[in-house]
Amino acid sequence: INELIQKRQLLEAFASVRYLEDETIAERDAEKYKDNPQEFVRKCKDVDLLYNSITNMIQSIVVGTLEHPTVEDTMLTSLVSLIAHEEAAHPNAHNAAGPGSDLLGTPRKWREEWREAINESARKRVQVIPMASKKEESSWLDLHLGFLQKQLSKDLLKIKLSVKKCYPEEYQVCDMYLEAFHKAIGSHLQDLSQRPLEFNELYTLLNWVANTYRSEHFLGHPDLKPEVKTENLSLLLTPADWDKLKNNYITSAKGKIKSYFGNILRLEVTEKWEKEVHPEVKENLYHSSLSFDIQTIIGEHMKISGEISRSLGTKMLELCLTELHEFIPRFGEEFVAWSTAQDSPIFPPYFAAYINSFHELVSGLQTVFKVNTEELQKILAALTRNFTNIFLNKLRTKTQPRLKKILTKDWILATERPDSLASVVSQFSKHLQHMRDPLGQELLRDVHKYVVREYIIQVIKPRRKMNGEKRQQVSEKMNWEARILNNMLIDQGSDSDWLLPAIYHIANIIGEKKKDKIKEYVKDLCQDYPDIR
């Protein structure tokens with residue numbers, strides 16, 4: 001009988017074992033072993049061992065079905081017959097042997113053994129899928145899941161085309177194999193998820209489960225339909241494991257997003273500030289890629305996370321905004337430190353470019369990502385004030401030496417065109433026309449007002465008396481210098497027309513000899529500027 005089993009002649013082997021079993025039962029019932037119970041035990045054990053050998057061979061055949069290049073149709077067909085013969089021979093499941101009794105005549109449950117063999121086959125097929133180490137291949141998980149997908153797709157197609165036809169419909173072979181593979185893959189992925197995975201690996205695993213597993217790239221492939229049905233499959237991972245995987249992903253993403261934002265800052269420092277690369281002008285506004293880069297990072301990570309689940313996309317957006325709220329002040333500190341450490345001509349244009357970019361960032365987050373930017377706007381407002389103060393301080397530092405020369409002997413005697421003050425002011429003011437309104441216009445007004453005010457402060461300081469000729473000379477020069485300053489600022493976009501007469505009025509007063517005329521000029525000055533006392 002053992003030889004028949006080894007040759008896989010299982011129907012013949014079963015018939016022989018069944019004969020031996022029936023014979024032993026008949027002898028037991030005839031009380032043949034009353035005086036020799038050991039002989040009965042031995043024969044019972046022989047029957048049981050032979051049945052177990054057949055069971056093992058059934059398992060071996062089923063497990064080997066997918067391992068061999070071709071399907072042995074005859075073998076599988078005879079296997080079905082064998083199971084049917086055994087179920088007919090042992091019809092009463094309730095006759096299963098109890099503790100201490102013999103197993104003669106009890107059902108051998110070979111259909112259950114067949115199902116378990118399918119499960120074992122699926123486990124083995126999953127376990128042998130190649131998997132490189134992280135040291136050998138950085139994309140090890142991506143490659144492994146690709147191999148898994150490819151191999152099991154072949155297996156399922158083989159089951160559909162070659163294995164299914166060997167079994168009766170009642171066996172639901174495709175469903176059995178699909179469920180077995182589903183459990184095996186789920187168990188395997190659960191093991192993988194326990195590893196210390198990095199951000200990209202966590203994304204690969206989440207995305208594969210959410211978007212690849214049931215898609216037309218794997219279980220939903222047209223070639224597998226209609227036999228392979230995914231509708232009734234349970235979750236591949238338990239809700240607890242799935243949530244843990246998503247939480248690990250978000251935790252890991254925190255460092256990733258911080259790193260990406262850090263790279264933006266590093267490139268601004270090394271490729272723009274240190275190399276003094278002038279910002280581009282687009283639609284007459286200074287342009288910085290800052291807003292675009294930030295929104296791209298947020299958009300890409302929100303998109304790939306949202307494709308896994310909507311809630312994960314929302315969590316990723318929240319994380320990005322939290323990191324952004326930390327990054328913007330850090331960015332501001334670096335820009336302030338750099339601008340304070342050096343007197344670079346590209347500070348004013350980058351100041352304007354970043355203010356423009358801040359506006360684009362808030363607008364983009366509101367319209368594209370539909371987020372509340374109240375907190376971010378507070379951070380950006382504080383940063384804008386800080387940058388503006390530095391801008392104005394640099395302007396004061398540059399203009400004060402020029403302003404202090406007004407009405408000095410050298411200033412009066414100089415014959416060249418008095419545009420040195422205007423030239424210094426223009427190093428700052430000319431960039432404001434490329435800053436988005438209203439801030440650009442407001443700041444240009446402040447610059448215009450500052451220059452006129454400081455100019456007048458220098459003029460009205462107590463000085464030594466000047467004779468009439470020198471007063472006339474001073475008046476003409478003041479008018480000339482004021483004209484150059486005002487024309488330049490108006491050309492650059494200043495709308496502070498009300499400031500234009502101020503220096504002219506005072507220049508006229510200084511240059512006039514007649515008291516009544518001086519009174520008229522003073523009256524004109526007071527009419528234009530009622531707050532003068």
# chains A, B, ... in the order shown; residues from 1 in each chain; ligands from 1
>>> residues_around(residues="Arg8 of chain A", least_positions_apart="5", cutoff="10 Å", atoms="only C-alpha atoms", output="PDB file with C-alpha atoms, in the first residue's frame")
ATOM      1  CA  ASN A   2       2.844   2.370   0.850  1.00  0.00           C
ATOM      2  CA  GLU A   3       4.316   1.764  -2.591  1.00  0.00           C
ATOM      3  CA  ALA A  13      -4.113   2.786  -2.211  1.00  0.00           C
ATOM      4  CA  ILE A  54      -2.419   9.457   1.861  1.00  0.00           C
ATOM      5  CA  MET A  57       0.443  12.935  -0.335  1.00  0.00           C
ATOM      6  CA  ILE A  58      -2.756  14.936  -0.945  1.00  0.00           C
ATOM      7  CA  ILE A  61       0.140  17.233  -4.644  1.00  0.00           C
ATOM      8  CA  MET A  75      -3.662  13.684 -10.847  1.00  0.00           C
ATOM      9  CA  SER A  78      -8.161  11.563  -9.331  1.00  0.00           C
ATOM     10  CA  LEU A  79      -7.654  13.639  -6.179  1.00  0.00           C
TER      11      LEU A  79
END
>>> select_by_dssp(residues="segment 75-323 of chain A", states="alpha helix (DSSP H)", output="ChimeraX atom specification")
/A:75-89,110-127,140-158,173-193,199-207,239-267,290-306,310-323
>>> closest_residue(among="A:Leu444, A:Asp437, A:Trp480, A:Gly313", to="Glu416 of chain A", atoms="only C-alpha atoms")
A:Trp480
>>> closest_residue(among="A:Ile503, A:Ala26, A:Met316, A:Val277", to="Thr251 of chain A", atoms="only C-alpha atoms")
A:Met316
>>> residues_around(residues="Asn232 of chain A", least_positions_apart="6", cutoff="12 Å", atoms="only C-alpha atoms", output="ChimeraX atom specification")
/A:175,178-179,182,214
>>> write_last_selection(atoms="all heavy atoms", output="PDB file, in the first residue's frame")
ATOM      1  N   ASP A 175     -12.009  30.853  -5.936  1.00  0.00           N
ATOM      2  CA  ASP A 175     -12.289  31.581  -4.686  1.00  0.00           C
ATOM      3  C   ASP A 175     -11.379  31.106  -3.558  1.00  0.00           C
ATOM      4  O   ASP A 175     -10.884  31.910  -2.757  1.00  0.00           O
ATOM      5  CB  ASP A 175     -13.748  31.398  -4.279  1.00  0.00           C
ATOM      6  CG  ASP A 175     -14.704  32.128  -5.214  1.00  0.00           C
ATOM      7  OD1 ASP A 175     -14.228  32.973  -5.992  1.00  0.00           O
ATOM      8  OD2 ASP A 175     -15.912  31.829  -5.179  1.00  0.00           O
ATOM      9  N   LEU A 178      -7.837  32.387  -4.192  1.00  0.00           N
ATOM     10  CA  LEU A 178      -7.797  33.840  -3.996  1.00  0.00           C
ATOM     11  C   LEU A 178      -7.794  34.191  -2.509  1.00  0.00           C
ATOM     12  O   LEU A 178      -7.003  35.030  -2.057  1.00  0.00           O
ATOM     13  CB  LEU A 178      -8.995  34.496  -4.689  1.00  0.00           C
ATOM     14  CG  LEU A 178      -9.106  36.020  -4.526  1.00  0.00           C
ATOM     15  CD1 LEU A 178      -7.881  36.722  -5.108  1.00  0.00           C
ATOM     16  CD2 LEU A 178     -10.386  36.548  -5.184  1.00  0.00           C
ATOM     17  N   GLU A 179      -8.662  33.533  -1.761  1.00  0.00           N
ATOM     18  CA  GLU A 179      -8.726  33.793  -0.322  1.00  0.00           C
ATOM     19  C   GLU A 179      -7.409  33.392   0.355  1.00  0.00           C
ATOM     20  O   GLU A 179      -6.917  34.080   1.259  1.00  0.00           O
ATOM     21  CB  GLU A 179      -9.893  33.012   0.288  1.00  0.00           C
ATOM     22  CG  GLU A 179     -10.147  33.302   1.756  1.00  0.00           C
ATOM     23  CD  GLU A 179     -10.540  34.744   2.039  1.00  0.00           C
ATOM     24  OE1 GLU A 179     -11.195  35.359   1.176  1.00  0.00           O
ATOM     25  OE2 GLU A 179     -10.175  35.252   3.112  1.00  0.00           O
ATOM     26  N   HIS A 182      -4.832  35.933  -0.496  1.00  0.00           N
ATOM     27  CA  HIS A 182      -5.184  37.159   0.226  1.00  0.00           C
ATOM     28  C   HIS A 182      -4.668  37.103   1.665  1.00  0.00           C
ATOM     29  O   HIS A 182      -4.047  38.055   2.155  1.00  0.00           O
ATOM     30  CB  HIS A 182      -6.701  37.324   0.199  1.00  0.00           C
ATOM     31  CG  HIS A 182      -7.199  38.597   0.808  1.00  0.00           C
ATOM     32  ND1 HIS A 182      -6.951  39.848   0.257  1.00  0.00           N
ATOM     33  CD2 HIS A 182      -7.922  38.820   1.942  1.00  0.00           C
ATOM     34  CE1 HIS A 182      -7.515  40.777   1.026  1.00  0.00           C
ATOM     35  NE2 HIS A 182      -8.100  40.181   2.051  1.00  0.00           N
ATOM     36  N   ARG A 214      -5.831  45.765  -5.636  1.00  0.00           N
ATOM     37  CA  ARG A 214      -7.115  45.394  -6.261  1.00  0.00           C
ATOM     38  C   ARG A 214      -7.283  45.997  -7.653  1.00  0.00           C
ATOM     39  O   ARG A 214      -8.331  45.824  -8.276  1.00  0.00           O
ATOM     40  CB  ARG A 214      -8.285  45.842  -5.380  1.00  0.00           C
ATOM     41  CG  ARG A 214      -8.326  45.140  -4.024  1.00  0.00           C
ATOM     42  CD  ARG A 214      -9.381  45.774  -3.130  1.00  0.00           C
ATOM     43  NE  ARG A 214      -9.252  45.314  -1.752  1.00  0.00           N
ATOM     44  CZ  ARG A 214     -10.085  44.444  -1.162  1.00  0.00           C
ATOM     45  NH1 ARG A 214     -11.089  43.943  -1.837  1.00  0.00           N
ATOM     46  NH2 ARG A 214      -9.902  44.085   0.099  1.00  0.00           N
TER      47      ARG A 214
END
>>> residues_around(residues="segment 17-24 of chain A", least_positions_apart="3", cutoff="10 Å", atoms="only C-alpha atoms", output="list of chain:residue names")
A:Ile1, A:Asn2, A:Leu11, A:Glu12, A:Ala13, A:Phe14, A:Glu27, A:Arg28, A:Asp29, A:Ala30, A:Lys32, A:Tyr33, A:Phe40, A:Lys43, A:Cys44, A:Asp46, A:Val47, A:Asp48, A:Leu49, A:Leu50, A:Tyr51, A:Ile54, A:Glu86, A:Ala89, A:Leu103, A:Leu104, A:Gly105
>>> residues_around(residues="Leu148 of chain A", least_positions_apart="5", cutoff="9 Å", atoms="only C-alpha atoms", output="PDB file with C-alpha atoms, in the first residue's frame")
ATOM      1  CA  ARG A 125       4.457  31.044  -2.974  1.00  0.00           C
ATOM      2  CA  VAL A 126       4.569  34.357  -1.119  1.00  0.00           C
ATOM      3  CA  ILE A 129       9.327  35.893  -3.707  1.00  0.00           C
ATOM      4  CA  PRO A 130      12.822  37.489  -4.015  1.00  0.00           C
ATOM      5  CA  LEU A 143      11.087  45.675  -6.355  1.00  0.00           C
ATOM      6  CA  SER A 153      -0.640  37.177 -11.202  1.00  0.00           C
ATOM      7  CA  ILE A 185      -0.173  38.427   1.354  1.00  0.00           C
TER       8      ILE A 185
END
>>> closest_residue(among="A:Thr238, A:Gln400, A:Thr70, A:Thr55", to="Asp155 of chain A", atoms="only C-alpha atoms")
A:Thr70
>>> select_by_dssp(residues="segment 98-335 of chain A", states="strand (DSSP E or B)", output="compact mmCIF listing (two decimals) with C-alpha atoms, in the first residue's frame")
# COMPACT_ATOMS: atom_id res chain seq x y z
CA GLU A 280 13.79 87.77 -12.23
CA VAL A 281 11.11 90.29 -13.16
CA LYS A 282 7.78 88.82 -14.25
CA LEU A 285 7.18 92.30 -10.34
CA TYR A 286 10.28 90.79 -8.77
CA HIS A 287 9.85 87.04 -8.74
>>> residues_around(residues="segment 216-229 of chain A", least_positions_apart="3", cutoff="10 Å", atoms="only C-alpha atoms", output="PyMOL selection string")
chain A and resi 146+148-150+152-154+156-161+164+172-175+177-179+211-213+232-233
>>> write_last_selection(atoms="C-alpha atoms", output="compact mmCIF listing (two decimals), in the first residue's frame")
# COMPACT_ATOMS: atom_id res chain seq x y z
CA GLY A 146 6.69 44.14 -8.09
CA LEU A 148 5.13 39.51 -5.79
CA GLN A 149 2.59 41.08 -8.10
CA LYS A 150 4.11 39.49 -11.21
CA LEU A 152 1.07 35.77 -8.11
CA SER A 153 -0.64 37.18 -11.20
CA LYS A 154 0.88 34.26 -13.14
CA LEU A 156 -3.84 33.14 -10.47
CA LEU A 157 -3.96 32.99 -14.26
CA LYS A 158 -2.70 29.41 -14.13
CA ILE A 159 -5.42 28.54 -11.62
CA LYS A 160 -8.08 30.12 -13.84
CA LEU A 161 -6.94 28.47 -17.07
CA LYS A 164 -10.05 25.21 -12.16
CA GLN A 172 -14.96 26.97 -5.88
CA VAL A 173 -11.28 26.58 -6.65
CA CYS A 174 -10.60 30.17 -7.78
CA ASP A 175 -12.29 31.58 -4.69
CA TYR A 177 -6.98 30.13 -3.97
CA LEU A 178 -7.80 33.84 -4.00
CA GLU A 179 -8.73 33.79 -0.32
CA ASN A 211 -4.08 51.51 -5.15
CA THR A 212 -2.28 48.53 -6.71
CA TYR A 213 -3.51 45.40 -4.97
CA ASN A 232 -15.89 40.08 -1.12
CA LEU A 233 -12.27 40.13 0.06
>>> residues_around(residues="Ser60 of chain A", least_positions_apart="2", cutoff="12 Å", atoms="only C-alpha atoms", output="PyMOL selection string")
chain A and resi 5-6+8+53-58+62-68+75-76+79+113-114+116-118+120-121
